[in-house]
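Participant: What follows is target-v5.cif, made up of mmCIF, C-alpha atoms and all ligand atoms:
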data_work
#
loop_
_atom_site.label_atom_id
_atom_site.label_comp_id
_atom_site.auth_asym_id
_atom_site.auth_seq_id
_atom_site.Cartn_x
_atom_site.Cartn_y
_atom_site.Cartn_z
CA MET A 1 14.52 42.30 98.30
CA LYS A 2 11.91 44.99 98.62
CA LEU A 3 11.29 46.88 101.85
CA GLU A 4 7.64 46.52 102.83
CA SER A 5 7.52 48.29 106.18
CA VAL A 6 9.81 49.46 108.96
CA GLU A 7 9.04 49.46 112.66
CA LEU A 8 10.92 51.81 114.99
CA ARG A 9 10.61 50.41 118.50
CA ARG A 10 11.95 52.07 121.63
CA ILE A 11 12.80 49.99 124.66
CA ALA A 12 13.95 50.99 128.16
CA MET A 13 16.66 48.71 129.54
CA PRO A 14 17.80 49.35 133.14
CA LEU A 15 21.53 48.68 133.59
CA VAL A 16 22.57 46.41 136.47
CA ALA A 17 24.76 49.28 137.72
CA PRO A 18 25.26 52.91 136.65
CA PHE A 19 28.00 53.30 134.00
CA ARG A 20 29.95 56.54 134.41
CA THR A 21 32.24 57.99 131.76
CA SER A 22 33.93 61.38 131.36
CA PHE A 23 30.80 62.62 129.53
CA GLY A 24 28.00 61.35 131.75
CA THR A 25 26.35 58.47 133.58
CA GLU A 26 24.09 55.87 131.97
CA THR A 27 21.56 54.21 134.26
CA THR A 28 18.93 53.03 131.78
CA ARG A 29 19.58 52.45 128.07
CA ASP A 30 16.90 54.02 125.90
CA VAL A 31 17.42 51.81 122.83
CA LEU A 32 15.95 52.21 119.36
CA LEU A 33 15.34 48.90 117.57
CA VAL A 34 14.73 48.81 113.84
CA ARG A 35 12.65 45.98 112.41
CA ALA A 36 12.75 45.80 108.62
CA ARG A 37 9.99 43.80 106.97
CA THR A 38 10.79 42.75 103.41
CA ASP A 39 9.26 40.48 100.81
CA ALA A 40 11.91 37.92 101.83
CA GLY A 41 11.22 38.11 105.57
CA GLU A 42 12.15 40.40 108.44
CA GLY A 43 15.37 41.51 110.10
CA TRP A 44 16.45 43.44 113.18
CA GLY A 45 18.97 46.19 113.83
CA GLU A 46 19.87 47.94 117.07
CA CYS A 47 20.70 51.64 117.04
CA ALA A 48 23.63 52.43 119.34
CA ALA A 49 22.84 56.13 119.79
CA LEU A 50 22.68 57.21 123.44
CA ALA A 51 19.96 59.48 124.85
CA GLU A 52 22.18 62.58 124.69
CA PRO A 53 24.60 63.75 121.97
CA LYS A 54 27.71 63.53 124.19
CA TYR A 55 29.63 60.46 123.03
CA SER A 56 29.14 61.77 119.50
CA ALA A 57 26.75 64.15 117.73
CA GLU A 58 24.09 61.44 117.45
CA TYR A 59 21.27 60.89 119.95
CA VAL A 60 18.42 58.42 119.96
CA ASP A 61 15.54 60.82 119.18
CA GLY A 62 17.61 62.28 116.34
CA ALA A 63 18.33 58.81 114.95
CA ALA A 64 14.63 57.91 115.01
CA ASP A 65 13.81 61.20 113.30
CA VAL A 66 16.34 60.88 110.46
CA LEU A 67 15.33 57.27 109.86
CA ARG A 68 11.65 58.20 109.64
CA ARG A 69 12.06 61.34 107.52
CA TYR A 70 14.93 60.44 105.19
CA LEU A 71 16.67 57.09 105.45
CA VAL A 72 13.75 54.66 105.39
CA PRO A 73 11.88 56.51 102.59
CA ALA A 74 15.07 56.49 100.47
CA LEU A 75 15.48 52.73 100.96
CA ALA A 76 11.80 52.06 100.29
CA ALA A 77 12.37 53.33 96.75
CA VAL A 78 15.07 50.73 95.98
CA PRO A 79 13.66 47.80 93.95
CA ASP A 80 16.33 45.19 94.73
CA LEU A 81 17.58 46.07 98.14
CA ASP A 82 20.42 44.28 99.88
CA ALA A 83 22.89 45.37 102.57
CA HIS A 84 25.42 46.66 99.99
CA ALA A 85 22.76 48.88 98.42
CA VAL A 86 21.97 50.49 101.78
CA GLY A 87 25.26 52.41 102.10
CA ARG A 88 25.15 53.49 98.44
CA THR A 89 21.56 54.69 98.71
CA LEU A 90 22.13 56.58 101.94
CA ALA A 91 25.45 58.18 100.89
CA PRO A 92 23.80 61.52 99.94
CA PHE A 93 22.72 61.93 103.58
CA THR A 94 25.75 63.09 105.58
CA GLY A 95 26.59 61.80 109.04
CA HIS A 96 24.01 59.83 111.06
CA PHE A 97 26.24 56.75 111.14
CA MET A 98 24.41 55.05 114.01
CA ALA A 99 21.04 55.46 112.33
CA LYS A 100 22.49 54.14 109.06
CA ALA A 101 24.15 51.21 110.84
CA ALA A 102 20.85 50.22 112.45
CA ILE A 103 18.88 50.05 109.20
CA GLU A 104 21.76 48.41 107.29
CA THR A 105 21.97 45.75 109.99
CA ALA A 106 18.22 45.13 109.83
CA VAL A 107 18.41 44.72 106.04
CA LEU A 108 21.46 42.45 106.29
CA ASP A 109 19.73 40.36 108.96
CA ALA A 110 16.66 39.94 106.71
CA GLN A 111 18.87 39.07 103.74
CA LEU A 112 20.94 36.51 105.67
CA ARG A 113 17.92 34.92 107.39
CA ALA A 114 16.37 34.43 103.96
CA ALA A 115 19.62 32.89 102.66
CA GLY A 116 20.15 30.74 105.77
CA GLN A 117 23.60 32.29 106.38
CA SER A 118 24.92 33.62 109.70
CA PHE A 119 26.47 37.07 110.23
CA GLY A 120 29.73 35.38 111.18
CA SER A 121 29.88 33.32 108.01
CA PHE A 122 28.92 36.33 105.85
CA LEU A 123 31.48 38.64 107.44
CA GLY A 124 34.28 36.06 107.36
CA ALA A 125 34.58 34.88 110.97
CA ALA A 126 37.75 32.88 111.53
CA VAL A 127 36.91 31.48 114.99
CA ASP A 128 33.81 30.16 116.73
CA ARG A 129 34.28 32.10 120.00
CA VAL A 130 35.84 35.44 120.89
CA PRO A 131 37.91 36.53 123.91
CA CYS A 132 36.11 39.17 125.97
CA GLY A 133 37.10 42.25 127.86
CA VAL A 134 34.98 44.46 130.08
CA SER A 135 34.73 48.24 130.27
CA VAL A 136 34.66 49.52 133.85
CA GLY A 137 33.12 52.92 134.56
CA ILE A 138 34.48 55.73 136.74
CA MET A 139 33.74 54.96 140.40
CA ASP A 140 33.31 57.03 143.55
CA SER A 141 36.40 55.52 145.18
CA VAL A 142 39.40 53.30 144.48
CA PRO A 143 38.15 50.54 146.85
CA ALA A 144 34.83 50.46 144.93
CA LEU A 145 36.78 50.16 141.66
CA LEU A 146 38.96 47.33 143.01
CA ASP A 147 35.81 45.46 144.09
CA ALA A 148 34.27 45.84 140.63
CA VAL A 149 37.45 44.80 138.79
CA GLY A 150 37.91 41.82 141.13
CA GLY A 151 34.38 40.67 140.38
CA TYR A 152 34.94 40.85 136.61
CA LEU A 153 38.24 38.97 136.85
CA ASP A 154 36.53 36.29 138.95
CA ALA A 155 33.86 36.04 136.23
CA GLY A 156 36.64 35.29 133.73
CA TYR A 157 37.07 38.50 131.73
CA LEU A 158 40.39 38.44 129.91
CA ARG A 159 41.03 42.18 129.75
CA ILE A 160 40.00 45.19 131.84
CA LYS A 161 39.35 48.65 130.41
CA LEU A 162 39.13 51.53 132.86
CA LYS A 163 37.30 54.70 131.98
CA ILE A 164 39.46 57.69 132.92
CA GLU A 165 39.18 61.46 133.13
CA PRO A 166 41.35 64.22 134.66
CA GLY A 167 41.43 63.46 138.41
CA TRP A 168 40.69 59.73 137.88
CA ASP A 169 43.58 58.30 135.92
CA VAL A 170 47.02 57.53 137.38
CA GLU A 171 45.75 56.55 140.86
CA PRO A 172 43.08 54.06 139.76
CA VAL A 173 45.45 52.55 137.18
CA ARG A 174 48.20 52.19 139.78
CA ALA A 175 45.74 50.63 142.27
CA VAL A 176 44.47 48.06 139.75
CA ARG A 177 48.05 47.15 138.72
CA GLU A 178 49.17 46.78 142.32
CA ARG A 179 46.19 44.63 143.30
CA PHE A 180 45.79 42.47 140.20
CA GLY A 181 49.35 42.18 138.85
CA ASP A 182 49.88 41.73 135.13
CA VAL A 183 46.22 41.54 134.04
CA ALA A 184 45.66 42.88 130.50
CA LEU A 185 44.73 46.51 131.17
CA GLN A 186 43.81 49.54 129.04
CA VAL A 187 42.13 52.92 129.54
CA ASP A 188 39.54 55.01 127.68
CA ALA A 189 39.31 58.81 128.10
CA ASN A 190 36.42 59.56 125.72
CA THR A 191 38.12 62.82 124.59
CA ALA A 192 38.59 64.20 128.14
CA TYR A 193 42.18 65.50 127.68
CA ALA A 194 44.03 68.16 125.67
CA VAL A 195 47.33 67.76 123.87
CA SER A 196 48.83 69.98 126.61
CA ASP A 197 48.18 67.03 128.99
CA ALA A 198 50.82 64.94 127.16
CA ARG A 199 53.29 64.93 130.06
CA HIS A 200 50.56 63.99 132.49
CA LEU A 201 49.36 61.12 130.26
CA ALA A 202 52.97 59.91 129.99
CA ARG A 203 52.70 59.13 133.73
CA LEU A 204 50.58 56.14 132.65
CA ASP A 205 53.56 54.69 130.74
CA PRO A 206 55.11 52.76 133.66
CA PHE A 207 51.91 50.68 134.02
CA ASP A 208 52.33 48.80 130.73
CA LEU A 209 48.85 49.46 129.43
CA LEU A 210 47.77 47.78 126.20
CA LEU A 211 46.58 51.17 124.94
CA ILE A 212 45.04 54.52 125.75
CA GLU A 213 41.79 55.05 123.86
CA GLN A 214 40.70 58.42 122.46
CA PRO A 215 42.43 60.80 124.88
CA LEU A 216 41.77 63.91 122.74
CA ALA A 217 38.86 65.45 120.83
CA GLU A 218 37.22 63.59 117.95
CA ASP A 219 38.62 66.01 115.34
CA ASP A 220 42.10 66.31 116.87
CA VAL A 221 43.91 63.79 114.69
CA LEU A 222 47.13 65.84 114.58
CA GLY A 223 46.99 66.22 118.36
CA HIS A 224 46.88 62.43 118.71
CA ALA A 225 49.87 62.16 116.36
CA GLU A 226 51.81 64.61 118.53
CA LEU A 227 50.75 62.76 121.68
CA ALA A 228 51.86 59.46 120.17
CA ARG A 229 55.37 60.90 119.92
CA THR A 230 55.37 61.84 123.64
CA VAL A 231 53.74 58.88 125.37
CA ARG A 232 55.01 55.31 125.14
CA THR A 233 51.56 53.73 125.66
CA PRO A 234 50.02 52.93 122.23
CA ILE A 235 47.25 55.32 121.16
CA CYS A 236 43.97 53.74 120.04
CA LEU A 237 41.26 55.80 118.36
CA ASP A 238 37.52 55.34 118.83
CA GLU A 239 35.43 58.52 118.26
CA SER A 240 37.83 59.87 115.57
CA ILE A 241 37.37 56.87 113.27
CA THR A 242 34.13 57.32 111.35
CA SER A 243 35.05 55.55 108.09
CA ALA A 244 37.79 53.60 106.32
CA ARG A 245 38.95 56.95 104.94
CA THR A 246 39.39 58.56 108.35
CA ALA A 247 41.09 55.37 109.56
CA ALA A 248 43.57 55.54 106.66
CA ALA A 249 44.30 59.20 107.41
CA ALA A 250 44.79 58.62 111.15
CA ILE A 251 47.15 55.70 110.53
CA SER A 252 49.15 57.58 107.88
CA LEU A 253 49.53 60.59 110.16
CA GLY A 254 50.75 58.41 113.04
CA ALA A 255 47.74 59.31 115.21
CA CYS A 256 47.08 55.73 116.32
CA SER A 257 48.64 52.28 116.26
CA ILE A 258 45.47 50.39 117.28
CA VAL A 259 41.84 50.95 116.21
CA ASN A 260 38.59 50.37 118.10
CA VAL A 261 36.20 49.14 115.39
CA LYS A 262 32.67 50.02 116.42
CA PRO A 263 30.19 49.24 113.62
CA ALA A 264 27.63 51.74 114.90
CA ARG A 265 30.12 54.61 114.70
CA VAL A 266 31.03 53.93 111.07
CA GLY A 267 27.62 53.25 109.53
CA GLY A 268 27.48 49.47 109.83
CA TYR A 269 29.19 46.10 109.54
CA LEU A 270 30.27 46.46 105.91
CA GLU A 271 32.29 49.61 106.61
CA ALA A 272 33.51 48.07 109.87
CA ARG A 273 34.90 45.11 107.92
CA ARG A 274 36.58 47.49 105.43
CA ILE A 275 38.28 49.28 108.32
CA ALA A 276 39.47 45.99 109.82
CA GLU A 277 40.93 44.98 106.43
CA LEU A 278 42.58 48.36 105.90
CA CYS A 279 44.11 48.19 109.38
CA ALA A 280 45.36 44.65 108.68
CA ALA A 281 47.08 45.92 105.53
CA HIS A 282 48.86 48.54 107.66
CA GLY A 283 49.77 46.09 110.44
CA VAL A 284 47.40 47.87 112.84
CA PRO A 285 45.54 45.52 115.22
CA VAL A 286 41.84 46.16 115.92
CA TRP A 287 39.27 45.17 118.50
CA CYS A 288 35.48 45.41 118.64
CA GLY A 289 34.04 48.27 120.67
CA GLY A 290 30.64 48.35 122.34
CA MET A 291 27.76 50.71 123.13
CA LEU A 292 26.06 48.78 125.95
CA GLU A 293 24.11 46.80 123.36
CA THR A 294 21.29 44.37 124.04
CA GLY A 295 21.63 40.80 122.80
CA LEU A 296 20.62 41.89 119.28
CA GLY A 297 23.51 44.31 118.79
CA ARG A 298 25.82 42.02 120.72
CA ALA A 299 25.17 39.12 118.34
CA ALA A 300 26.45 41.12 115.38
CA ASN A 301 29.40 42.56 117.34
CA VAL A 302 30.50 39.08 118.44
CA ALA A 303 30.36 37.91 114.80
CA LEU A 304 32.53 40.86 113.74
CA ALA A 305 34.99 40.27 116.59
CA ALA A 306 35.61 36.79 115.13
CA LEU A 307 37.29 38.27 112.01
CA PRO A 308 41.05 37.70 111.58
CA ASN A 309 42.50 41.12 112.48
CA PHE A 310 40.55 41.34 115.78
CA THR A 311 43.55 40.26 117.81
CA LEU A 312 42.71 42.12 121.05
CA PRO A 313 39.76 41.27 123.35
CA GLY A 314 36.75 43.52 122.66
CA ASP A 315 34.15 45.34 124.74
CA THR A 316 31.93 42.35 124.03
CA SER A 317 30.87 41.41 127.53
CA ALA A 318 28.19 38.95 128.57
CA SER A 319 24.54 40.02 128.82
CA ASN A 320 24.61 39.97 132.63
CA ARG A 321 27.36 42.61 132.74
CA TYR A 322 24.70 45.03 131.46
CA TYR A 323 21.18 43.72 132.02
CA ALA A 324 19.44 41.50 134.58
CA THR A 325 17.25 40.24 131.73
CA ASP A 326 18.26 40.65 128.09
CA ILE A 327 15.74 40.85 125.24
CA THR A 328 17.36 37.79 123.61
CA PRO A 329 18.54 34.56 125.17
CA PRO A 330 21.55 35.80 127.18
CA PHE A 331 25.14 35.77 125.95
CA GLU A 332 27.09 33.93 128.63
CA LEU A 333 30.79 34.02 129.33
CA ALA A 334 32.53 30.64 129.10
CA ASP A 335 36.22 30.59 129.92
CA GLY A 336 36.40 34.34 129.18
CA HIS A 337 34.83 33.91 125.73
CA LEU A 338 31.47 34.40 124.02
CA ALA A 339 30.34 31.96 121.34
CA VAL A 340 29.75 33.37 117.86
CA PRO A 341 26.09 32.76 116.95
CA THR A 342 25.69 30.23 114.13
CA GLY A 343 21.98 30.52 113.25
CA PRO A 344 20.76 32.44 110.17
CA GLY A 345 21.23 36.22 110.29
CA LEU A 346 22.00 37.54 113.77
CA GLY A 347 21.31 34.04 115.08
CA VAL A 348 19.21 35.46 117.91
CA SER A 349 15.75 37.04 118.00
CA PRO A 350 13.98 39.12 120.60
CA LEU A 351 11.95 37.08 123.08
CA PRO A 352 8.40 38.38 122.40
CA GLU A 353 7.25 38.63 126.02
CA MET A 354 10.46 40.25 127.21
CA LEU A 355 10.37 42.67 124.28
CA GLU A 356 6.80 43.74 125.11
CA ASP A 357 7.74 44.25 128.77
CA VAL A 358 10.43 46.81 127.95
CA THR A 359 8.81 48.53 124.96
CA THR A 360 7.99 52.21 125.48
CA SER A 361 6.78 53.05 121.95
CA VAL A 362 6.31 51.54 118.50
CA VAL A 363 6.15 53.65 115.34
CA GLU A 364 5.48 52.28 111.86
CA VAL A 365 7.25 54.34 109.22
CA PRO A 366 4.83 54.91 106.37
CA LEU A 367 6.26 53.76 103.00
CA ARG A 368 4.86 55.53 100.01
O1 LIG A 401 29.41 48.01 125.52
O2 LIG A 401 30.67 47.28 127.12
C1 LIG A 401 30.21 48.19 126.43
C2 LIG A 401 30.65 49.60 126.72
C3 LIG A 401 31.99 49.85 126.14
O3 LIG A 401 33.15 51.67 127.10
C4 LIG A 401 32.39 51.30 126.24
N1 LIG A 401 31.86 52.14 125.33
O4 LIG A 401 33.83 54.95 124.36
O5 LIG A 401 34.14 52.87 124.05
C5 LIG A 401 33.45 53.78 124.51
C6 LIG A 401 32.17 53.53 125.25
C7 LIG A 401 31.03 54.27 124.63
C8 LIG A 401 29.71 54.11 125.34
S1 LIG A 401 29.71 54.84 126.88
C9 LIG A 401 28.10 54.81 127.44
MG MG A 402 35.78 54.44 123.63
#
Would you mind writing the file out in structure tokens?
Ligand code: SMG
Ligand code: MG

Facilitator:
Amino acid sequence: MKLESVELRRIAMPLVAPFRTSFGTETTRDVLLVRARTDAGEGWGECAALAEPKYSAEYVDGAADVLRRYLVPALAAVPDLDAHAVGRTLAPFTGHFMAKAAIETAVLDAQLRAAGQSFGSFLGAAVDRVPCGVSVGIMDSVPALLDAVGGYLDAGYLRIKLKIEPGWDVEPVRAVRERFGDVALQVDANTAYAVSDARHLARLDPFDLLLIEQPLAEDDVLGHAELARTVRTPICLDESITSARTAAAAISLGACSIVNVKPARVGGYLEARRIAELCAAHGVPVWCGGMLETGLGRAANVALAALPNFTLPGDTSASNRYYATDITPPFELADGHLAVPTGPGLGVSPLPEMLEDVTTSVVEVPLR
């Protein structure tokens, strides 16, 4: 394939409710969509970068900038482009995983649409639907949290993840356990603790959580290994895992026994699949993370979550958990599951009218 032009489109997607984490509150997702036009047809990718560089170093304006200045021009020079060539071509540019993931996904979508193959089939999906969890933000009060969790359980979600931070951890976990019994429950700290908090975090042990996700800083792999020797709850890494190599190191050092595989964080679906396979070889279960994606990003995540080693429910919730109106036909929960799309490529496309309604800017990247 040859890249003919790339469109960088920004859309503003209001969330149905504010989503608060230890690093900030999201109320509207400012999403960058990448549309790759090739001589074999077009493809879409969604960039997961948030507005501010707080989850990780990436942010949406930075992602758009690096795509326009460096990544797209490098790919435009490749005569027979496919998804595998994207990572190779972009390797000289350090970091910028979310920007790289977005363009790799767009190229893969174009390639698979042209070949009539779905993401799920290409990646190696083993099932036709995936069990879904939901990530629940920090709330103003425990009663408000119990209301939210109750609503998600009524909707059929099979696992609850609570965002935690110092001052909002043991009490909300205890309250959810007491009210909802033995529901599958886990927590995510988004790096809000220090290794000196080990004894405090061990107070979560009696609640039989599936895991505690990323309690310490992104670069504190040894700290996580030390913590794993103090707390009984399994440690799962998110932010720290940026490649198959960092996953191998974290596992070897005993820093985690479960991995959150988030394609955006590792540069795309090909590296995400490598991580899942590496984890399988080490007996480490994985699950698919999320970044409040629209239906486009969700389609690819659901396909990935259908791979064999994804044995825990992912942050792959239905469209209406995030958006009143999605830009694709909505993903709907059925019996706690989402169906893996079967159409060519992502299997979903943006609805033109809806897309126009939410678009805030469109930039064509000039290809020389
Ligand atoms: O997509 O359902 C979702 C959100 C899942 O909690 C979620 N993501 O650290 O895992 C994480 C966070 C990162 C994004 S917070 C705005
Ligand atoms: Mg996380």

Participant: Counting all atoms listed in the file, give me one row per residue of chain A with an atom at most 10 Å from an atom of ligand LIG 401 (chain A), showing the shortest contact pair and its distance in Å to one decimal, sorted by chain then residue number, as CSV.

Facilitator:
residue,atom,partner,partner_atom,distance
A:Pro18,CA,A:LIG401,C9,9.8
A:Phe19,CA,A:LIG401,C9,6.7
A:Arg20,CA,A:LIG401,C9,7.4
A:Thr21,CA,A:LIG401,S1,6.3
A:Ser22,CA,A:LIG401,S1,9.0
A:Phe23,CA,A:LIG401,S1,8.3
A:Gly24,CA,A:LIG401,C9,7.8
A:Thr25,CA,A:LIG401,C9,7.4
A:Glu26,CA,A:LIG401,C9,6.1
A:Thr27,CA,A:LIG401,C9,9.5
A:Arg29,CA,A:LIG401,C9,8.9
A:Ala48,CA,A:LIG401,C8,8.7
A:Ala49,CA,A:LIG401,C8,9.1
A:Leu50,CA,A:LIG401,C9,7.2
A:Ala51,CA,A:LIG401,C9,9.7
A:Lys54,CA,A:LIG401,S1,9.3
A:Tyr55,CA,A:LIG401,C7,6.5
A:Ser56,CA,A:LIG401,C7,9.3
A:Cys132,CA,A:LIG401,O2,9.8
A:Gly133,CA,A:LIG401,O2,8.2
A:Val134,CA,A:LIG401,O2,5.9
A:Ser135,CA,A:LIG401,O3,4.9
A:Val136,CA,A:LIG401,O3,7.2
A:Gly137,CA,A:LIG401,O3,7.6
A:Lys161,CA,A:LIG401,O3,7.6
A:Leu162,CA,A:LIG401,O3,8.3
A:Lys163,CA,A:LIG401,O3,7.1
A:Val187,CA,A:LIG401,O3,9.4
A:Asp188,CA,A:LIG401,O4,6.6
A:Ala189,CA,A:LIG401,O4,7.7
A:Asn190,CA,A:LIG401,O4,5.5
A:Thr191,CA,A:LIG401,O4,9.0
A:Glu213,CA,A:LIG401,O5,8.0
A:Gln214,CA,A:LIG401,O4,7.9
A:Leu237,CA,A:LIG401,O5,9.6
A:Asp238,CA,A:LIG401,O4,6.7
A:Glu239,CA,A:LIG401,O4,7.2
A:Asn260,CA,A:LIG401,O5,7.8
A:Val261,CA,A:LIG401,O5,9.7
A:Lys262,CA,A:LIG401,O5,8.3
A:Arg265,CA,A:LIG401,C7,10.0
A:Cys288,CA,A:LIG401,O5,9.3
A:Gly289,CA,A:LIG401,O5,5.7
A:Gly290,CA,A:LIG401,O1,3.4
A:Met291,CA,A:LIG401,O1,4.0
A:Leu292,CA,A:LIG401,O1,3.5
A:Glu293,CA,A:LIG401,O1,5.8
A:Thr294,CA,A:LIG401,O1,9.0
A:Gly297,CA,A:LIG401,O1,9.7
A:Arg298,CA,A:LIG401,O1,8.5
A:Asn301,CA,A:LIG401,O1,9.8
A:Gly314,CA,A:LIG401,O2,8.4
A:Asp315,CA,A:LIG401,O2,4.6
A:Thr316,CA,A:LIG401,O2,6.0
A:Ser317,CA,A:LIG401,O2,5.9
A:Ala318,CA,A:LIG401,O2,8.8
A:Ser319,CA,A:LIG401,O2,9.7
A:Arg321,CA,A:LIG401,O2,8.0
A:Tyr322,CA,A:LIG401,O2,7.7

Participant: Could the residues in this selection be saved with C-alpha atoms as a PDB file, in the frame of the given file?

Facilitator:
ATOM      1  CA  PRO A  18      25.260  52.910 136.650  1.00  0.00           C
ATOM      2  CA  PHE A  19      28.000  53.300 134.000  1.00  0.00           C
ATOM      3  CA  ARG A  20      29.950  56.540 134.410  1.00  0.00           C
ATOM      4  CA  THR A  21      32.240  57.990 131.760  1.00  0.00           C
ATOM      5  CA  SER A  22      33.930  61.380 131.360  1.00  0.00           C
ATOM      6  CA  PHE A  23      30.800  62.620 129.530  1.00  0.00           C
ATOM      7  CA  GLY A  24      28.000  61.350 131.750  1.00  0.00           C
ATOM      8  CA  THR A  25      26.350  58.470 133.580  1.00  0.00           C
ATOM      9  CA  GLU A  26      24.090  55.870 131.970  1.00  0.00           C
ATOM     10  CA  THR A  27      21.560  54.210 134.260  1.00  0.00           C
ATOM     11  CA  ARG A  29      19.580  52.450 128.070  1.00  0.00           C
ATOM     12  CA  ALA A  48      23.630  52.430 119.340  1.00  0.00           C
ATOM     13  CA  ALA A  49      22.840  56.130 119.790  1.00  0.00           C
ATOM     14  CA  LEU A  50      22.680  57.210 123.440  1.00  0.00           C
ATOM     15  CA  ALA A  51      19.960  59.480 124.850  1.00  0.00           C
ATOM     16  CA  LYS A  54      27.710  63.530 124.190  1.00  0.00           C
ATOM     17  CA  TYR A  55      29.630  60.460 123.030  1.00  0.00           C
ATOM     18  CA  SER A  56      29.140  61.770 119.500  1.00  0.00           C
ATOM     19  CA  CYS A 132      36.110  39.170 125.970  1.00  0.00           C
ATOM     20  CA  GLY A 133      37.100  42.250 127.860  1.00  0.00           C
ATOM     21  CA  VAL A 134      34.980  44.460 130.080  1.00  0.00           C
ATOM     22  CA  SER A 135      34.730  48.240 130.270  1.00  0.00           C
ATOM     23  CA  VAL A 136      34.660  49.520 133.850  1.00  0.00           C
ATOM     24  CA  GLY A 137      33.120  52.920 134.560  1.00  0.00           C
ATOM     25  CA  LYS A 161      39.350  48.650 130.410  1.00  0.00           C
ATOM     26  CA  LEU A 162      39.130  51.530 132.860  1.00  0.00           C
ATOM     27  CA  LYS A 163      37.300  54.700 131.980  1.00  0.00           C
ATOM     28  CA  VAL A 187      42.130  52.920 129.540  1.00  0.00           C
ATOM     29  CA  ASP A 188      39.540  55.010 127.680  1.00  0.00           C
ATOM     30  CA  ALA A 189      39.310  58.810 128.100  1.00  0.00           C
ATOM     31  CA  ASN A 190      36.420  59.560 125.720  1.00  0.00           C
ATOM     32  CA  THR A 191      38.120  62.820 124.590  1.00  0.00           C
ATOM     33  CA  GLU A 213      41.790  55.050 123.860  1.00  0.00           C
ATOM     34  CA  GLN A 214      40.700  58.420 122.460  1.00  0.00           C
ATOM     35  CA  LEU A 237      41.260  55.800 118.360  1.00  0.00           C
ATOM     36  CA  ASP A 238      37.520  55.340 118.830  1.00  0.00           C
ATOM     37  CA  GLU A 239      35.430  58.520 118.260  1.00  0.00           C
ATOM     38  CA  ASN A 260      38.590  50.370 118.100  1.00  0.00           C
ATOM     39  CA  VAL A 261      36.200  49.140 115.390  1.00  0.00           C
ATOM     40  CA  LYS A 262      32.670  50.020 116.420  1.00  0.00           C
ATOM     41  CA  ARG A 265      30.120  54.610 114.700  1.00  0.00           C
ATOM     42  CA  CYS A 288      35.480  45.410 118.640  1.00  0.00           C
ATOM     43  CA  GLY A 289      34.040  48.270 120.670  1.00  0.00           C
ATOM     44  CA  GLY A 290      30.640  48.350 122.340  1.00  0.00           C
ATOM     45  CA  MET A 291      27.760  50.710 123.130  1.00  0.00           C
ATOM     46  CA  LEU A 292      26.060  48.780 125.950  1.00  0.00           C
ATOM     47  CA  GLU A 293      24.110  46.800 123.360  1.00  0.00           C
ATOM     48  CA  THR A 294      21.290  44.370 124.040  1.00  0.00           C
ATOM     49  CA  GLY A 297      23.510  44.310 118.790  1.00  0.00           C
ATOM     50  CA  ARG A 298      25.820  42.020 120.720  1.00  0.00           C
ATOM     51  CA  ASN A 301      29.400  42.560 117.340  1.00  0.00           C
ATOM     52  CA  GLY A 314      36.750  43.520 122.660  1.00  0.00           C
ATOM     53  CA  ASP A 315      34.150  45.340 124.740  1.00  0.00           C
ATOM     54  CA  THR A 316      31.930  42.350 124.030  1.00  0.00           C
ATOM     55  CA  SER A 317      30.870  41.410 127.530  1.00  0.00           C
ATOM     56  CA  ALA A 318      28.190  38.950 128.570  1.00  0.00           C
ATOM     57  CA  SER A 319      24.540  40.020 128.820  1.00  0.00           C
ATOM     58  CA  ARG A 321      27.360  42.610 132.740  1.00  0.00           C
ATOM     59  CA  TYR A 322      24.700  45.030 131.460  1.00  0.00           C
TER      60      TYR A 322
END

Participant: Around (36.9, 30.7, 122.9) in the file's own coordinates, what residues are found within 7 Å if you use all atoms listed in the file, given back as a ChimeraX atom specification?

Facilitator: /A:128-131,337-339

Participant: Given the choices A:Leu146, A:Val259, A:Leu123, A:Val363, which gets closest to ligand MG 402 (chain A) if the distance is worked out from only C-alpha atoms and all ligand atoms?

Facilitator: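 Checking each candidate against ligand MG 402 (chain A), we get A:Val259 as the closest.
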
Participant: Restricting the calculation to all atoms listed in the file, which member of A:Ile212, A:Leu346, A:Leu333, A:Cys256 is positioned closest to ligand MG 402 (chain A)?

Facilitator: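 Answer, going by the shortest atom-to-atom distance: A:Ile212.
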
Participant: Enter the distance from CA of Val78 (chain A) to CA of Ala264 (chain A), in Å, rounded to one decimal.

Facilitator: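 Interatomic distance here is 22.7 Å.
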
Participant: For region 193-210 of chain A, list every protein, DNA or RNA residue within 8 Å, evaluated using only C-alpha atoms, and leave out those in the same chain fewer than 4 positions away; present the list as a VMD selection string.

Facilitator: chain A and resid 165 to 166 170 173 to 174 177 184 to 187 189 215 to 217 223 to 224 226 to 227 230 to 234

Participant: Could you please take those selected residues and save C-alpha atoms as a compact mmCIF listing (two decimals), in the coordinates of the input?

Facilitator:
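After the write, selection-v9.txt holds the following:
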# COMPACT_ATOMS: atom_id res chain seq x y z
CA GLU A 165 39.18 61.46 133.13
CA PRO A 166 41.35 64.22 134.66
CA VAL A 170 47.02 57.53 137.38
CA VAL A 173 45.45 52.55 137.18
CA ARG A 174 48.20 52.19 139.78
CA ARG A 177 48.05 47.15 138.72
CA ALA A 184 45.66 42.88 130.50
CA LEU A 185 44.73 46.51 131.17
CA GLN A 186 43.81 49.54 129.04
CA VAL A 187 42.13 52.92 129.54
CA ALA A 189 39.31 58.81 128.10
CA PRO A 215 42.43 60.80 124.88
CA LEU A 216 41.77 63.91 122.74
CA ALA A 217 38.86 65.45 120.83
CA GLY A 223 46.99 66.22 118.36
CA HIS A 224 46.88 62.43 118.71
CA GLU A 226 51.81 64.61 118.53
CA LEU A 227 50.75 62.76 121.68
CA THR A 230 55.37 61.84 123.64
CA VAL A 231 53.74 58.88 125.37
CA ARG A 232 55.01 55.31 125.14
CA THR A 233 51.56 53.73 125.66
CA PRO A 234 50.02 52.93 122.23
